[in-house]
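Trainee: My questions will all concern the structure given below.
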Amino acid sequence: MKALIFDLDGTLFQTEKVAVPAFQEAFVWLKQQGKYHRSIPTREEILAVTGMTLNQLWDQLLPEGDQTIRELMNRKSLEIELALLKQKRGALYPGVVETLQKAREWDWSLFIASNGLGSYVRSVLKSEKIEDLFVDVYAAGEYKTESKATLVSKCIEKHGIQEGFMIGDRRSDVEAGKANGLRVIGCQYEGFPQFGSKNELQGADYIVSSFRDLLDIIKR
């Protein structure tokens, strides 16, 4: 099987449209409960951790929070995100649907590997009406993996993937692809917020500035 394994946030989905208001509202709520006493994270601080594992995310945004508080925030932020998705507050990047459909026509099998919670990932796919384009979905929140490399390894092993690409916008995507013998396409879209550092995609085999540019790579 030849496969394209996609990250979700910052790769297919403009997560800032949902994540920023959801996390800020969740922190306001936590403060109202008397369980948080610092300032509400800024848009920039939230964007900087988008795409990280949940443990890494809370290490940055809520370092003093114990596991009970973190689980509480997982549930609250997810609740708000799902409500925002129902309100159609999210959006795919331009060209995502047509590009995924064309890749399937070219006999690529499509997968999701995300550091997010499973219910969030599936709700995004359902909200954007693209869930049927994917063979399977791997979410770190369901598999309890500490790294995306391990998550991608599970996908490859289960489906007998022999060649393909890992496609994403964060360092963890590059590392996951390389650790599993996949070529890596880094996504750094012009005109959209960038997550992580300037060297985030160092080591990627390709970097695209538009999602549609994937077709020029995978048809080779």
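Following the order of the structure tokens, first chain is A, next is B, and so on, with residues numbered from 1 inside each chain and ligands from 1 in the order they appear.
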Would you please extract all strand (DSSP E or B) residues from segment 31-193 of chain A, as assigned by DSSP on the backbone, and give them as a PyMOL selection string?

Mentor: chain A and resi 92+109-114+136-139+163-168+183-187

Trainee: If you keep N, CA and C atoms, can you produce a file of those selected residues as a PDB file, in the first residue's frame?

Mentor:
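The resulting out.pdb:
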ATOM      1  N   LEU A  92     -11.235  24.525   6.388  1.00  0.00           N
ATOM      2  CA  LEU A  92     -10.098  23.856   5.778  1.00  0.00           C
ATOM      3  C   LEU A  92      -9.265  24.892   5.039  1.00  0.00           C
ATOM      4  N   SER A 109      -3.724   5.912  -0.575  1.00  0.00           N
ATOM      5  CA  SER A 109      -4.585   5.701   0.587  1.00  0.00           C
ATOM      6  C   SER A 109      -4.288   6.810   1.591  1.00  0.00           C
ATOM      7  N   LEU A 110      -5.342   7.410   2.144  1.00  0.00           N
ATOM      8  CA  LEU A 110      -5.183   8.580   2.998  1.00  0.00           C
ATOM      9  C   LEU A 110      -5.455   8.243   4.464  1.00  0.00           C
ATOM     10  N   PHE A 111      -4.608   8.779   5.337  1.00  0.00           N
ATOM     11  CA  PHE A 111      -4.732   8.553   6.778  1.00  0.00           C
ATOM     12  C   PHE A 111      -4.533   9.872   7.521  1.00  0.00           C
ATOM     13  N   ILE A 112      -5.053   9.925   8.747  1.00  0.00           N
ATOM     14  CA  ILE A 112      -4.814  11.040   9.657  1.00  0.00           C
ATOM     15  C   ILE A 112      -3.976  10.534  10.828  1.00  0.00           C
ATOM     16  N   ALA A 113      -2.946  11.311  11.200  1.00  0.00           N
ATOM     17  CA  ALA A 113      -2.194  11.055  12.432  1.00  0.00           C
ATOM     18  C   ALA A 113      -2.078  12.388  13.158  1.00  0.00           C
ATOM     19  N   SER A 114      -2.810  12.528  14.252  1.00  0.00           N
ATOM     20  CA  SER A 114      -2.901  13.807  14.963  1.00  0.00           C
ATOM     21  C   SER A 114      -2.578  13.631  16.433  1.00  0.00           C
ATOM     22  N   ASP A 136      -8.331   5.541   7.686  1.00  0.00           N
ATOM     23  CA  ASP A 136      -8.328   5.382   9.139  1.00  0.00           C
ATOM     24  C   ASP A 136      -7.800   6.663   9.784  1.00  0.00           C
ATOM     25  N   VAL A 137      -8.117   6.812  11.056  1.00  0.00           N
ATOM     26  CA  VAL A 137      -7.729   8.005  11.814  1.00  0.00           C
ATOM     27  C   VAL A 137      -6.965   7.568  13.064  1.00  0.00           C
ATOM     28  N   TYR A 138      -5.801   8.170  13.277  1.00  0.00           N
ATOM     29  CA  TYR A 138      -4.989   7.884  14.451  1.00  0.00           C
ATOM     30  C   TYR A 138      -4.831   9.162  15.258  1.00  0.00           C
ATOM     31  N   ALA A 139      -5.349   9.150  16.471  1.00  0.00           N
ATOM     32  CA  ALA A 139      -5.270  10.310  17.355  1.00  0.00           C
ATOM     33  C   ALA A 139      -4.524   9.912  18.622  1.00  0.00           C
ATOM     34  N   GLU A 163       5.140   2.403   1.293  1.00  0.00           N
ATOM     35  CA  GLU A 163       5.765   3.646   0.848  1.00  0.00           C
ATOM     36  C   GLU A 163       4.786   4.795   1.034  1.00  0.00           C
ATOM     37  N   GLY A 164       5.330   5.986   1.096  1.00  0.00           N
ATOM     38  CA  GLY A 164       4.422   7.116   1.209  1.00  0.00           C
ATOM     39  C   GLY A 164       5.071   8.358   1.778  1.00  0.00           C
ATOM     40  N   PHE A 165       4.215   9.291   2.190  1.00  0.00           N
ATOM     41  CA  PHE A 165       4.633  10.589   2.705  1.00  0.00           C
ATOM     42  C   PHE A 165       3.963  10.869   4.032  1.00  0.00           C
ATOM     43  N   MET A 166       4.701  11.535   4.911  1.00  0.00           N
ATOM     44  CA  MET A 166       4.125  12.154   6.095  1.00  0.00           C
ATOM     45  C   MET A 166       3.999  13.633   5.776  1.00  0.00           C
ATOM     46  N   ILE A 167       2.824  14.208   6.035  1.00  0.00           N
ATOM     47  CA  ILE A 167       2.541  15.587   5.637  1.00  0.00           C
ATOM     48  C   ILE A 167       2.070  16.366   6.856  1.00  0.00           C
ATOM     49  N   GLY A 168       2.798  17.426   7.211  1.00  0.00           N
ATOM     50  CA  GLY A 168       2.421  18.191   8.387  1.00  0.00           C
ATOM     51  C   GLY A 168       3.165  19.496   8.498  1.00  0.00           C
ATOM     52  N   ARG A 183       8.961   9.770   3.297  1.00  0.00           N
ATOM     53  CA  ARG A 183       9.361  11.100   2.864  1.00  0.00           C
ATOM     54  C   ARG A 183       8.424  12.109   3.549  1.00  0.00           C
ATOM     55  N   VAL A 184       8.941  13.303   3.771  1.00  0.00           N
ATOM     56  CA  VAL A 184       8.180  14.289   4.542  1.00  0.00           C
ATOM     57  C   VAL A 184       7.907  15.534   3.705  1.00  0.00           C
ATOM     58  N   ILE A 185       6.641  15.933   3.703  1.00  0.00           N
ATOM     59  CA  ILE A 185       6.238  17.188   3.072  1.00  0.00           C
ATOM     60  C   ILE A 185       5.835  18.146   4.186  1.00  0.00           C
ATOM     61  N   GLY A 186       6.559  19.233   4.312  1.00  0.00           N
ATOM     62  CA  GLY A 186       6.257  20.240   5.315  1.00  0.00           C
ATOM     63  C   GLY A 186       5.322  21.296   4.750  1.00  0.00           C
ATOM     64  N   CYS A 187       4.357  21.712   5.541  1.00  0.00           N
ATOM     65  CA  CYS A 187       3.352  22.689   5.096  1.00  0.00           C
ATOM     66  C   CYS A 187       3.592  24.031   5.769  1.00  0.00           C
TER      67      CYS A 187
END

Trainee: Could you pull out the alpha helix (DSSP H) residues of segment 8-101 of chain A from DSSP and send them as JSON, numbers by chain?

Mentor: {"A": [16, 17, 18, 19, 20, 21, 22, 23, 24, 25, 26, 27, 28, 29, 30, 31, 32, 43, 44, 45, 46, 47, 48, 49, 54, 55, 56, 57, 58, 59, 60, 61, 67, 68, 69, 70, 71, 72, 73, 74, 75, 76, 77, 78, 79, 80, 81, 82, 83, 84, 85, 86, 96, 97, 98, 99, 100, 101]}

Trainee: Write out as a PyMOL selection string each polymer residue whose atoms come within 12 Å of Glu71 of chain A, counting only C-alpha atoms; drop sequence neighbours fewer than 5 positions from it.

Mentor: chain A and resi 30+54-55+58+62+65-66+76-78+117+141

Trainee: Only N, CA and C atoms, please: the residues just picked out, written as a PDB file, in the first residue's frame.

Mentor:
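Written out: selection_39.pdb:
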ATOM      1  N   LEU A  30     -11.687  28.362  33.960  1.00  0.00           N
ATOM      2  CA  LEU A  30     -10.859  27.812  35.036  1.00  0.00           C
ATOM      3  C   LEU A  30     -10.549  28.885  36.082  1.00  0.00           C
ATOM      4  N   LEU A  54      -0.804  16.573  24.114  1.00  0.00           N
ATOM      5  CA  LEU A  54      -1.502  17.242  25.207  1.00  0.00           C
ATOM      6  C   LEU A  54      -0.573  17.530  26.386  1.00  0.00           C
ATOM      7  N   ASN A  55       0.301  16.592  26.710  1.00  0.00           N
ATOM      8  CA  ASN A  55       1.229  16.821  27.820  1.00  0.00           C
ATOM      9  C   ASN A  55       2.148  17.996  27.528  1.00  0.00           C
ATOM     10  N   TRP A  58       0.122  21.359  27.754  1.00  0.00           N
ATOM     11  CA  TRP A  58      -0.149  21.842  29.109  1.00  0.00           C
ATOM     12  C   TRP A  58       1.135  22.195  29.852  1.00  0.00           C
ATOM     13  N   LEU A  62      -0.019  25.495  31.068  1.00  0.00           N
ATOM     14  CA  LEU A  62      -0.518  25.294  32.426  1.00  0.00           C
ATOM     15  C   LEU A  62       0.505  24.495  33.243  1.00  0.00           C
ATOM     16  N   GLY A  65      -0.351  23.163  36.691  1.00  0.00           N
ATOM     17  CA  GLY A  65      -1.544  22.335  36.828  1.00  0.00           C
ATOM     18  C   GLY A  65      -1.232  20.859  36.995  1.00  0.00           C
ATOM     19  N   ASP A  66      -1.846  20.233  37.996  1.00  0.00           N
ATOM     20  CA  ASP A  66      -1.642  18.785  38.162  1.00  0.00           C
ATOM     21  C   ASP A  66      -2.498  18.028  37.147  1.00  0.00           C
ATOM     22  N   LYS A  76     -12.994  20.597  29.164  1.00  0.00           N
ATOM     23  CA  LYS A  76     -13.634  21.897  28.945  1.00  0.00           C
ATOM     24  C   LYS A  76     -13.270  22.470  27.581  1.00  0.00           C
ATOM     25  N   SER A  77     -12.008  22.428  27.222  1.00  0.00           N
ATOM     26  CA  SER A  77     -11.604  22.970  25.924  1.00  0.00           C
ATOM     27  C   SER A  77     -12.215  22.164  24.784  1.00  0.00           C
ATOM     28  N   LEU A  78     -12.307  20.842  24.962  1.00  0.00           N
ATOM     29  CA  LEU A  78     -12.938  20.008  23.944  1.00  0.00           C
ATOM     30  C   LEU A  78     -14.419  20.364  23.804  1.00  0.00           C
ATOM     31  N   LEU A 117      -7.143  15.024  20.579  1.00  0.00           N
ATOM     32  CA  LEU A 117      -8.103  14.062  21.114  1.00  0.00           C
ATOM     33  C   LEU A 117      -8.932  13.473  19.977  1.00  0.00           C
ATOM     34  N   GLY A 141      -4.612  11.078  21.483  1.00  0.00           N
ATOM     35  CA  GLY A 141      -5.474  11.041  22.655  1.00  0.00           C
ATOM     36  C   GLY A 141      -6.148   9.701  22.864  1.00  0.00           C
TER      37      GLY A 141
END

Trainee: Counting only C-alpha atoms, what is within 10 Å of Gln87 of chain A, bar same-chain residues fewer than 5 positions away, as a PyMOL selection string?

Mentor: chain A and resi 81-82+127

Trainee: Which residues come within 9 Å of Leu47 of chain A, counting only C-alpha atoms, excluding same-chain residues fewer than 2 positions away, as a PDB file with C-alpha atoms, in the first residue's frame?

Mentor:
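Wrote out-v2.pdb, looks like this:
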ATOM      1  CA  THR A  15      -7.210  25.235  13.773  1.00  0.00           C
ATOM      2  CA  GLU A  16      -6.605  28.777  15.039  1.00  0.00           C
ATOM      3  CA  ALA A  19      -8.435  26.513  19.151  1.00  0.00           C
ATOM      4  CA  VAL A  20      -7.670  30.117  20.109  1.00  0.00           C
ATOM      5  CA  THR A  42      -2.531  35.088  24.272  1.00  0.00           C
ATOM      6  CA  ARG A  43      -3.327  34.096  20.712  1.00  0.00           C
ATOM      7  CA  GLU A  44       0.407  33.824  20.026  1.00  0.00           C
ATOM      8  CA  GLU A  45       1.003  31.573  23.041  1.00  0.00           C
ATOM      9  CA  VAL A  49       1.663  24.998  21.143  1.00  0.00           C
ATOM     10  CA  THR A  50      -0.861  24.004  18.489  1.00  0.00           C
ATOM     11  CA  GLY A  51      -0.066  20.518  17.214  1.00  0.00           C
ATOM     12  CA  PRO A 193      -0.485  31.854  10.677  1.00  0.00           C
ATOM     13  CA  GLN A 194       2.629  29.720  11.175  1.00  0.00           C
ATOM     14  CA  PHE A 195       2.901  27.480  14.211  1.00  0.00           C
ATOM     15  CA  GLY A 196       6.201  26.835  15.948  1.00  0.00           C
TER      16      GLY A 196
END

Trainee: Compare A:Gly90, A:Gly177, A:Gly160, A:Pro21 by their minimum atom-to-atom distance to Ser123 of chain A, counting only C-alpha atoms, and give me the closest one.

Mentor: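 Checking each of A:Gly90, A:Gly177, A:Gly160, A:Pro21 against Ser123 of chain A, counting only C-alpha atoms, the winner is A:Gly90.
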
Trainee: Which residues are near Asn199 of chain A? Cut-off 12 Å, only C-alpha atoms, ignore same chain within fewer than 5 positions. Put them as a ChimeraX atom specification.

Mentor: /A:169-171,174,186,188,194,204,207

Trainee: Write the selection just made, keeping C-alpha atoms, as a CSV table (one decimal), in the first residue's frame?

Mentor:
chain,number,residue,atom,x,y,z
A,169,ASP,CA,3.4,21.6,9.7
A,170,ARG,CA,5.3,20.8,12.9
A,171,ARG,CA,8.7,19.3,13.9
A,174,VAL,CA,9.1,15.6,10.3
A,186,GLY,CA,6.3,20.2,5.3
A,188,GLN,CA,4.1,26.4,5.4
A,194,GLN,CA,2.6,29.7,11.2
A,204,ALA,CA,11.6,17.9,5.5
A,207,ILE,CA,8.1,22.3,1.8
